[in-house]
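Visitor: Input structure: model_26.cif, which contains mmCIF, C-alpha atoms and all ligand atoms.
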data_start
#
loop_
_atom_site.group_PDB
_atom_site.id
_atom_site.type_symbol
_atom_site.label_atom_id
_atom_site.label_comp_id
_atom_site.auth_asym_id
_atom_site.auth_seq_id
_atom_site.Cartn_x
_atom_site.Cartn_y
_atom_site.Cartn_z
ATOM 1 C CA MET A 572 14.279 -0.060 12.486
ATOM 2 C CA ARG A 573 13.660 2.500 9.742
ATOM 3 C CA ILE A 574 13.429 1.584 6.069
ATOM 4 C CA ASP A 575 16.394 2.219 3.791
ATOM 5 C CA TYR A 576 14.493 2.907 0.600
ATOM 6 C CA GLY A 577 17.581 2.594 -1.583
ATOM 7 C CA ALA A 578 18.451 -0.827 -0.244
ATOM 8 C CA VAL A 579 14.849 -2.071 -0.327
ATOM 9 C CA SER A 580 14.378 -0.786 -3.870
ATOM 10 C CA LYS A 581 17.481 -2.703 -4.981
ATOM 11 C CA SER A 582 16.304 -5.838 -3.189
ATOM 12 C CA ILE A 583 12.852 -5.677 -4.783
ATOM 13 C CA ALA A 584 14.367 -5.043 -8.219
ATOM 14 C CA SER A 585 16.629 -8.063 -7.850
ATOM 15 C CA LEU A 586 13.905 -10.364 -6.490
ATOM 16 C CA THR A 587 11.364 -9.406 -9.163
ATOM 17 C CA ASP A 588 13.711 -9.167 -12.147
ATOM 18 C CA GLY A 589 11.927 -10.559 -15.226
ATOM 19 C CA GLU A 590 8.700 -11.340 -13.331
ATOM 20 C CA THR A 591 5.425 -10.070 -14.791
ATOM 21 C CA ASP A 592 2.819 -11.875 -12.663
ATOM 22 C CA GLU A 593 1.101 -9.138 -10.610
ATOM 23 C CA VAL A 594 0.337 -11.346 -7.586
ATOM 24 C CA ALA A 595 3.931 -12.564 -7.397
ATOM 25 C CA LEU A 596 5.151 -8.971 -7.676
ATOM 26 C CA MET A 597 2.720 -7.764 -4.995
ATOM 27 C CA ALA A 598 3.653 -10.579 -2.609
ATOM 28 C CA THR A 599 7.337 -9.725 -2.947
ATOM 29 C CA VAL A 600 6.845 -5.984 -2.530
ATOM 30 C CA VAL A 601 4.761 -6.293 0.653
ATOM 31 C CA CYS A 602 7.192 -8.808 2.165
ATOM 32 C CA GLU A 603 10.223 -6.570 1.555
ATOM 33 C CA LEU A 604 8.474 -3.405 2.731
ATOM 34 C CA HIS A 605 6.756 -4.885 5.784
ATOM 35 C CA HIS A 606 9.896 -6.306 7.357
ATOM 36 C CA ALA A 607 11.971 -3.196 6.667
ATOM 37 C CA ASP A 608 10.346 -0.741 9.072
ATOM 38 C CA ASN A 609 8.903 -0.986 12.583
ATOM 39 C CA ARG A 610 6.276 1.622 11.692
ATOM 40 C CA PHE A 611 4.654 -0.776 9.195
ATOM 41 C CA ASP A 612 2.131 -2.869 11.137
ATOM 42 C CA TRP A 613 0.004 -3.844 8.143
ATOM 43 C CA THR A 614 1.259 -3.780 4.575
ATOM 44 C CA GLY A 615 -0.881 -4.934 1.691
ATOM 45 C CA PHE A 616 -2.464 -4.453 -1.684
ATOM 46 C CA TYR A 617 -6.114 -4.090 -2.559
ATOM 47 C CA ARG A 618 -6.669 -4.960 -6.210
ATOM 48 C CA VAL A 619 -9.171 -3.417 -8.614
ATOM 49 C CA THR A 620 -11.261 -6.490 -9.502
ATOM 50 C CA ASP A 621 -14.390 -4.817 -10.885
ATOM 51 C CA PRO A 622 -15.388 -1.223 -11.644
ATOM 52 C CA GLY A 623 -15.460 0.599 -8.313
ATOM 53 C CA ILE A 624 -14.403 -2.460 -6.305
ATOM 54 C CA LEU A 625 -11.192 -3.290 -4.471
ATOM 55 C CA LYS A 626 -10.440 -6.789 -3.196
ATOM 56 C CA ILE A 627 -7.672 -7.792 -0.877
ATOM 57 C CA GLY A 628 -4.421 -8.976 -2.379
ATOM 58 C CA PRO A 629 -1.113 -10.078 -0.903
ATOM 59 C CA TYR A 630 -0.511 -8.630 2.562
ATOM 60 C CA GLN A 631 1.503 -8.945 5.751
ATOM 61 C CA GLY A 632 -0.006 -8.413 9.209
ATOM 62 C CA GLY A 633 -3.364 -9.251 10.799
ATOM 63 C CA HIS A 634 -6.399 -10.148 8.678
ATOM 64 C CA GLY A 635 -7.713 -7.383 6.473
ATOM 65 C CA CYS A 636 -11.235 -6.852 5.200
ATOM 66 C CA LEU A 637 -11.823 -8.581 1.876
ATOM 67 C CA VAL A 638 -13.788 -6.063 -0.187
ATOM 68 C CA ILE A 639 -13.684 -2.251 -0.254
ATOM 69 C CA PRO A 640 -15.846 -0.203 -2.628
ATOM 70 C CA PHE A 641 -14.268 2.968 -4.036
ATOM 71 C CA ASP A 642 -16.693 5.073 -1.976
ATOM 72 C CA ARG A 643 -15.449 3.721 1.352
ATOM 73 C CA GLY A 644 -12.347 3.965 3.451
ATOM 74 C CA VAL A 645 -8.913 5.414 2.885
ATOM 75 C CA CYS A 646 -8.249 2.779 0.239
ATOM 76 C CA GLY A 647 -11.419 3.682 -1.591
ATOM 77 C CA ALA A 648 -10.432 7.364 -1.508
ATOM 78 C CA ALA A 649 -7.018 6.568 -3.032
ATOM 79 C CA ALA A 650 -8.647 4.480 -5.766
ATOM 80 C CA ALA A 651 -11.405 6.972 -6.503
ATOM 81 C CA THR A 652 -9.136 10.029 -6.638
ATOM 82 C CA GLY A 653 -5.924 8.450 -7.907
ATOM 83 C CA GLU A 654 -4.189 10.444 -5.186
ATOM 84 C CA VAL A 655 -1.956 9.325 -2.341
ATOM 85 C CA GLN A 656 -3.807 9.402 1.005
ATOM 86 C CA LEU A 657 -1.520 10.408 3.862
ATOM 87 C CA VAL A 658 -3.563 10.077 7.068
ATOM 88 C CA ASP A 659 -1.944 11.215 10.317
ATOM 89 C CA ASP A 660 -4.976 10.262 12.438
ATOM 90 C CA VAL A 661 -7.284 7.589 11.072
ATOM 91 C CA ASN A 662 -9.936 8.523 13.653
ATOM 92 C CA ALA A 663 -10.209 11.901 11.980
ATOM 93 C CA PHE A 664 -10.702 10.371 8.518
ATOM 94 C CA GLU A 665 -14.416 10.132 7.784
ATOM 95 C CA GLY A 666 -15.292 6.622 6.694
ATOM 96 C CA HIS A 667 -11.993 5.042 7.756
ATOM 97 C CA ILE A 668 -12.299 1.253 7.828
ATOM 98 C CA ALA A 669 -10.611 -0.086 10.952
ATOM 99 C CA CYS A 670 -9.322 -3.602 10.257
ATOM 100 C CA ALA A 671 -7.382 -3.292 13.510
ATOM 101 C CA SER A 672 -8.328 -1.052 16.444
ATOM 102 C CA SER A 673 -4.628 -0.409 17.043
ATOM 103 C CA THR A 674 -4.152 1.462 13.751
ATOM 104 C CA GLN A 675 -3.418 5.161 14.306
ATOM 105 C CA SER A 676 -2.126 6.384 10.934
ATOM 106 C CA GLU A 677 -2.072 5.167 7.370
ATOM 107 C CA VAL A 678 -0.686 5.823 3.923
ATOM 108 C CA VAL A 679 -2.437 4.504 0.801
ATOM 109 C CA LEU A 680 -0.984 4.850 -2.696
ATOM 110 C CA PRO A 681 -2.571 4.183 -6.093
ATOM 111 C CA VAL A 682 -0.808 1.560 -8.266
ATOM 112 C CA TRP A 683 -0.785 2.074 -12.048
ATOM 113 C CA ASN A 684 0.283 -0.423 -14.689
ATOM 114 C CA ARG A 685 2.367 0.278 -17.820
ATOM 115 C CA VAL A 686 -0.612 1.490 -19.827
ATOM 116 C CA GLY A 687 -1.877 3.780 -17.072
ATOM 117 C CA ASP A 688 -4.661 1.630 -15.682
ATOM 118 C CA LEU A 689 -5.295 1.683 -11.941
ATOM 119 C CA ILE A 690 -4.679 -1.929 -10.876
ATOM 120 C CA ALA A 691 -4.497 -1.665 -7.079
ATOM 121 C CA VAL A 692 -3.733 0.449 -4.055
ATOM 122 C CA LEU A 693 -0.933 -0.185 -1.571
ATOM 123 C CA ASP A 694 -2.071 0.271 2.026
ATOM 124 C CA ILE A 695 0.384 0.624 4.945
ATOM 125 C CA ASP A 696 -1.018 0.999 8.462
ATOM 126 C CA SER A 697 0.857 2.032 11.587
ATOM 127 C CA ASP A 698 0.044 1.808 15.275
ATOM 128 C CA GLN A 699 1.972 5.066 15.667
ATOM 129 C CA PRO A 700 0.233 8.434 15.144
ATOM 130 C CA ALA A 701 1.366 10.509 12.140
ATOM 131 C CA ALA A 702 3.866 7.772 11.236
ATOM 132 C CA PHE A 703 4.190 8.617 7.527
ATOM 133 C CA SER A 704 5.728 11.580 5.700
ATOM 134 C CA THR A 705 5.576 12.972 2.186
ATOM 135 C CA GLU A 706 9.047 11.482 1.744
ATOM 136 C CA ASP A 707 7.611 8.035 2.484
ATOM 137 C CA ALA A 708 4.916 8.667 -0.101
ATOM 138 C CA THR A 709 7.510 9.785 -2.664
ATOM 139 C CA GLN A 710 9.793 6.807 -2.101
ATOM 140 C CA LEU A 711 6.977 4.272 -2.004
ATOM 141 C CA SER A 712 5.528 5.718 -5.231
ATOM 142 C CA LYS A 713 8.937 5.327 -6.885
ATOM 143 C CA ILE A 714 9.072 1.661 -5.890
ATOM 144 C CA LEU A 715 5.536 1.047 -7.185
ATOM 145 C CA ARG A 716 6.338 2.764 -10.504
ATOM 146 C CA SER A 717 9.510 0.723 -10.939
ATOM 147 C CA VAL A 718 7.759 -2.597 -10.271
ATOM 148 C CA PHE A 719 4.375 -2.094 -11.930
ATOM 149 C CA GLY A 720 4.595 0.940 -14.177
ATOM 150 C CA GLU A 721 7.732 0.693 -16.222
HETATM 151 N N1 LIG B 1 -7.934 1.131 6.659
HETATM 152 C C1 LIG B 1 -8.302 0.810 5.279
HETATM 153 C C2 LIG B 1 -8.903 -0.567 5.183
HETATM 154 C C3 LIG B 1 -7.927 -1.673 5.000
HETATM 155 S S1 LIG B 1 -7.493 -2.403 6.560
HETATM 156 O O1 LIG B 1 -6.880 -1.293 7.319
HETATM 157 C C4 LIG B 1 -6.190 -3.473 6.155
HETATM 158 C C5 LIG B 1 -9.305 1.836 4.747
HETATM 159 O O2 LIG B 1 -9.830 2.643 5.529
HETATM 160 O O3 LIG B 1 -9.560 1.797 3.529
#
Could you render the structure as structure tokens?
Guide:
Amino acid sequence: MRIDYGAVSKSIASLTDGETDEVALMATVVCELHHADNRFDWTGFYRVTDPGILKIGPYQGGHGCLVIPFDRGVCGAAAATGEVQLVDDVNAFEGHIACASSTQSEVVLPVWNRVGDLIAVLDIDSDQPAAFSTEDATQLSKILRSVFGE
């Protein structure tokens, strides 16, 4: 099954309409994304809880590590740079944090709030190599902007 970003965007918009609680929003987004695509084996948020620190937020999939400093991992790179990390081969990414040995590729996107603060990163892992495209990054960024940034 491959995600239909239009349909999932509409579903998320409907489910989160009027909601402002970030944890409730994150829980809904990961649930809708995770079950929409067979490539998505781990889908979750890491929240900015202190300067330079990410802590796990709502997620779907096996257990994830609890704390990631900005100077570690793919998530840390996304938080530190503010740039999407599109990783075709996690074994080639220096400092990748393997929460599951089955993970082959990963996409991590920064999450900004309405006033432009970095509040989290969204991490999606796949057991398939090179599972994610720039189109995935574009569509996922649109969903994150519509839920958290507008
Ligand atoms: N792979 C991530 C860590 C999070 S676990 O995969 C859920 C990273 O390298 O930052």
Visitor: Go through the chains and note each residue within 7 Å of ligand LIG 1 (chain B), using all atoms listed in the file, then give the set as a PDB file with C-alpha atoms, in the coordinates of the input.
Guide:
ATOM      1  CA  TRP A 613       0.004  -3.844   8.143  1.00  0.00           C
ATOM      2  CA  GLY A 635      -7.713  -7.383   6.473  1.00  0.00           C
ATOM      3  CA  CYS A 636     -11.235  -6.852   5.200  1.00  0.00           C
ATOM      4  CA  ILE A 639     -13.684  -2.251  -0.254  1.00  0.00           C
ATOM      5  CA  ARG A 643     -15.449   3.721   1.352  1.00  0.00           C
ATOM      6  CA  GLY A 644     -12.347   3.965   3.451  1.00  0.00           C
ATOM      7  CA  VAL A 645      -8.913   5.414   2.885  1.00  0.00           C
ATOM      8  CA  CYS A 646      -8.249   2.779   0.239  1.00  0.00           C
ATOM      9  CA  GLY A 647     -11.419   3.682  -1.591  1.00  0.00           C
ATOM     10  CA  GLY A 666     -15.292   6.622   6.694  1.00  0.00           C
ATOM     11  CA  HIS A 667     -11.993   5.042   7.756  1.00  0.00           C
ATOM     12  CA  ILE A 668     -12.299   1.253   7.828  1.00  0.00           C
ATOM     13  CA  ALA A 669     -10.611  -0.086  10.952  1.00  0.00           C
ATOM     14  CA  CYS A 670      -9.322  -3.602  10.257  1.00  0.00           C
ATOM     15  CA  ALA A 671      -7.382  -3.292  13.510  1.00  0.00           C
ATOM     16  CA  ASP A 694      -2.071   0.271   2.026  1.00  0.00           C
ATOM     17  CA  ASP A 696      -1.018   0.999   8.462  1.00  0.00           C
TER      18      ASP A 696
END
Visitor: In terms of the shortest atom-to-atom distance over all atoms listed in the file, which of A:Leu657, A:Ala691, A:Pro629, A:Val718 is closest to Ser582 (chain A)?
Guide: A:Val718
Visitor: Given the choices A:Ile695, A:Glu603, A:Ala598, A:Asn684, which gets closest to Gln656 (chain A) if the distance is worked out from all atoms listed in the file?
Guide: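 Among A:Ile695, A:Glu603, A:Ala598, A:Asn684, it is A:Ile695 that comes nearest to Gln656 (chain A).
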Visitor: Check what the PyMOL selection byres (((chain A and resi 683) around 9) and not hetatm) selects in the file above and give those residues as a compact mmCIF listing (two decimals) with C-alpha atoms, in the coordinates of the input.
Guide:
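Just written: part_17.txt:
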# COMPACT_ATOMS: atom_id res chain seq x y z
CA PRO A 681 -2.57 4.18 -6.09
CA VAL A 682 -0.81 1.56 -8.27
CA ASN A 684 0.28 -0.42 -14.69
CA ARG A 685 2.37 0.28 -17.82
CA VAL A 686 -0.61 1.49 -19.83
CA GLY A 687 -1.88 3.78 -17.07
CA ASP A 688 -4.66 1.63 -15.68
CA LEU A 689 -5.30 1.68 -11.94
CA ILE A 690 -4.68 -1.93 -10.88
CA ALA A 691 -4.50 -1.66 -7.08
CA VAL A 692 -3.73 0.45 -4.06
CA LEU A 715 5.54 1.05 -7.18
CA ARG A 716 6.34 2.76 -10.50
CA PHE A 719 4.38 -2.09 -11.93
CA GLY A 720 4.60 0.94 -14.18
Visitor: I'd like to see the residues matched by the PyMOL selection byres (((chain A and resi 608) around 7) and not hetatm) on this file, and ideally I'd get them as a list in words.
Guide: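 Applied to this file, the PyMOL selection byres (((chain A and resi 608) around 7) and not hetatm) returns Met572, Arg573, Ile574, His605, His606, Ala607, Asn609, Arg610 and Phe611 of chain A.
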Visitor: Go ahead and compute the interatomic distance for CA of Ser712 (chain A) and CA of Val600 (chain A), in Å to one decimal.
Guide: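 Separating CA of Ser712 (chain A) from CA of Val600 (chain A) is a distance of 12.1 Å.
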Visitor: Could you check which of A:Leu604, A:Glu677, A:Met597, A:Glu590 is closest to Tyr576 (chain A), using only C-alpha atoms?
Guide: A:Leu604
Visitor: Could you check the closest approach to Lys713 (chain A) for each of A:Leu680, A:Ala663, A:Ile627, A:Tyr617 and tell me which residue wins, using all atoms listed in the file?
Guide: A:Leu680
Visitor: Exactly which residues make up the result of the PyMOL selection byres (((chain A and resi 626) around 7) and not hetatm) on this file, given as a compact mmCIF listing (two decimals) with C-alpha atoms, in the frame of the given file?
Guide:
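That gives us expr_8.txt:
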# COMPACT_ATOMS: atom_id res chain seq x y z
CA TYR A 617 -6.11 -4.09 -2.56
CA ARG A 618 -6.67 -4.96 -6.21
CA VAL A 619 -9.17 -3.42 -8.61
CA THR A 620 -11.26 -6.49 -9.50
CA ILE A 624 -14.40 -2.46 -6.30
CA LEU A 625 -11.19 -3.29 -4.47
CA ILE A 627 -7.67 -7.79 -0.88
CA GLY A 628 -4.42 -8.98 -2.38
CA LEU A 637 -11.82 -8.58 1.88
CA VAL A 638 -13.79 -6.06 -0.19
CA ILE A 639 -13.68 -2.25 -0.25
Visitor: For the atom pair CA of Asn662 (chain A) and CA of Phe641 (chain A), what is the interatomic distance in Å to one decimal place?
Guide: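 Going from CA of Asn662 (chain A) over to CA of Phe641 (chain A) covers 19.0 Å.
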Visitor: So, with all atoms listed in the file as the atoms that count, which of A:Ser580, A:Gln631, A:Thr614, A:Thr591 lies closest to Ser717 (chain A)?
Guide: A:Ser580
Visitor: Work out how far apart CA of Phe664 (chain A) and CA of Asp642 (chain A) are and give it in Å to one decimal.
Guide: 13.2 Å
Visitor: Measuring atom to atom with all atoms listed in the file, identify which of A:Ala650, A:Val655, A:Ala701, A:Ile714 is nearest to Thr599 (chain A).
Guide: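 The answer is A:Ile714, which sits nearest to Thr599 (chain A).
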Visitor: Output: region 596-611 of chain A of the preceding structure, restricted to N, CA, C and O atoms, written as a tab-separated table (two decimals), in the first residue's frame.
Guide:
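Dumped to decode23.tsv:
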chain	number	residue	atom	x	y	z
A	596	LEU	N	-1.87	16.47	18.47
A	596	LEU	CA	-1.66	16.63	17.03
A	596	LEU	C	-0.62	15.63	16.53
A	596	LEU	O	-0.81	14.95	15.52
A	597	MET	N	0.48	15.48	17.27
A	597	MET	CA	1.53	14.55	16.86
A	597	MET	C	1.03	13.11	16.84
A	597	MET	O	1.32	12.36	15.90
A	598	ALA	N	0.27	12.74	17.87
A	598	ALA	CA	-0.25	11.37	17.95
A	598	ALA	C	-1.14	11.06	16.74
A	598	ALA	O	-1.06	9.97	16.16
A	599	THR	N	-1.94	12.04	16.35
A	599	THR	CA	-2.85	11.83	15.22
A	599	THR	C	-2.09	11.75	13.91
A	599	THR	O	-2.35	10.88	13.07
A	600	VAL	N	-1.12	12.63	13.74
A	600	VAL	CA	-0.33	12.63	12.49
A	600	VAL	C	0.42	11.31	12.32
A	600	VAL	O	0.37	10.69	11.25
A	601	VAL	N	1.09	10.83	13.36
A	601	VAL	CA	1.86	9.59	13.19
A	601	VAL	C	0.94	8.40	12.94
A	601	VAL	O	1.27	7.49	12.17
A	602	CYS	N	-0.23	8.39	13.59
A	602	CYS	CA	-1.16	7.28	13.38
A	602	CYS	C	-1.62	7.25	11.92
A	602	CYS	O	-1.55	6.21	11.24
A	603	GLU	N	-2.04	8.40	11.40
A	603	GLU	CA	-2.54	8.46	10.02
A	603	GLU	C	-1.44	8.15	9.01
A	603	GLU	O	-1.67	7.43	8.03
A	604	LEU	N	-0.24	8.66	9.24
A	604	LEU	CA	0.85	8.40	8.29
A	604	LEU	C	1.28	6.93	8.35
A	604	LEU	O	1.41	6.26	7.33
A	605	HIS	N	1.49	6.43	9.56
A	605	HIS	CA	2.08	5.10	9.72
A	605	HIS	C	1.27	4.01	9.04
A	605	HIS	O	1.83	3.09	8.43
A	606	HIS	N	-0.04	4.12	9.16
A	606	HIS	CA	-0.91	3.05	8.63
A	606	HIS	C	-1.28	3.26	7.16
A	606	HIS	O	-2.06	2.48	6.60
A	607	ALA	N	-0.67	4.30	6.55
A	607	ALA	CA	-1.05	4.61	5.16
A	607	ALA	C	-0.08	4.06	4.14
A	607	ALA	O	-0.35	4.12	2.94
A	608	ASP	N	1.07	3.53	4.60
A	608	ASP	CA	2.11	3.16	3.63
A	608	ASP	C	2.98	2.03	4.19
A	608	ASP	O	3.50	2.12	5.30
A	609	ASN	N	3.11	0.97	3.37
A	609	ASN	CA	3.89	-0.20	3.82
A	609	ASN	C	5.38	0.09	3.94
A	609	ASN	O	6.13	-0.72	4.49
A	610	ARG	N	5.83	1.23	3.39
A	610	ARG	CA	7.25	1.56	3.53
A	610	ARG	C	7.58	2.04	4.95
A	610	ARG	O	8.70	1.97	5.40
A	611	PHE	N	6.53	2.57	5.65
A	611	PHE	CA	6.74	3.23	6.94
A	611	PHE	C	6.75	2.20	8.07
A	611	PHE	O	5.69	1.74	8.52
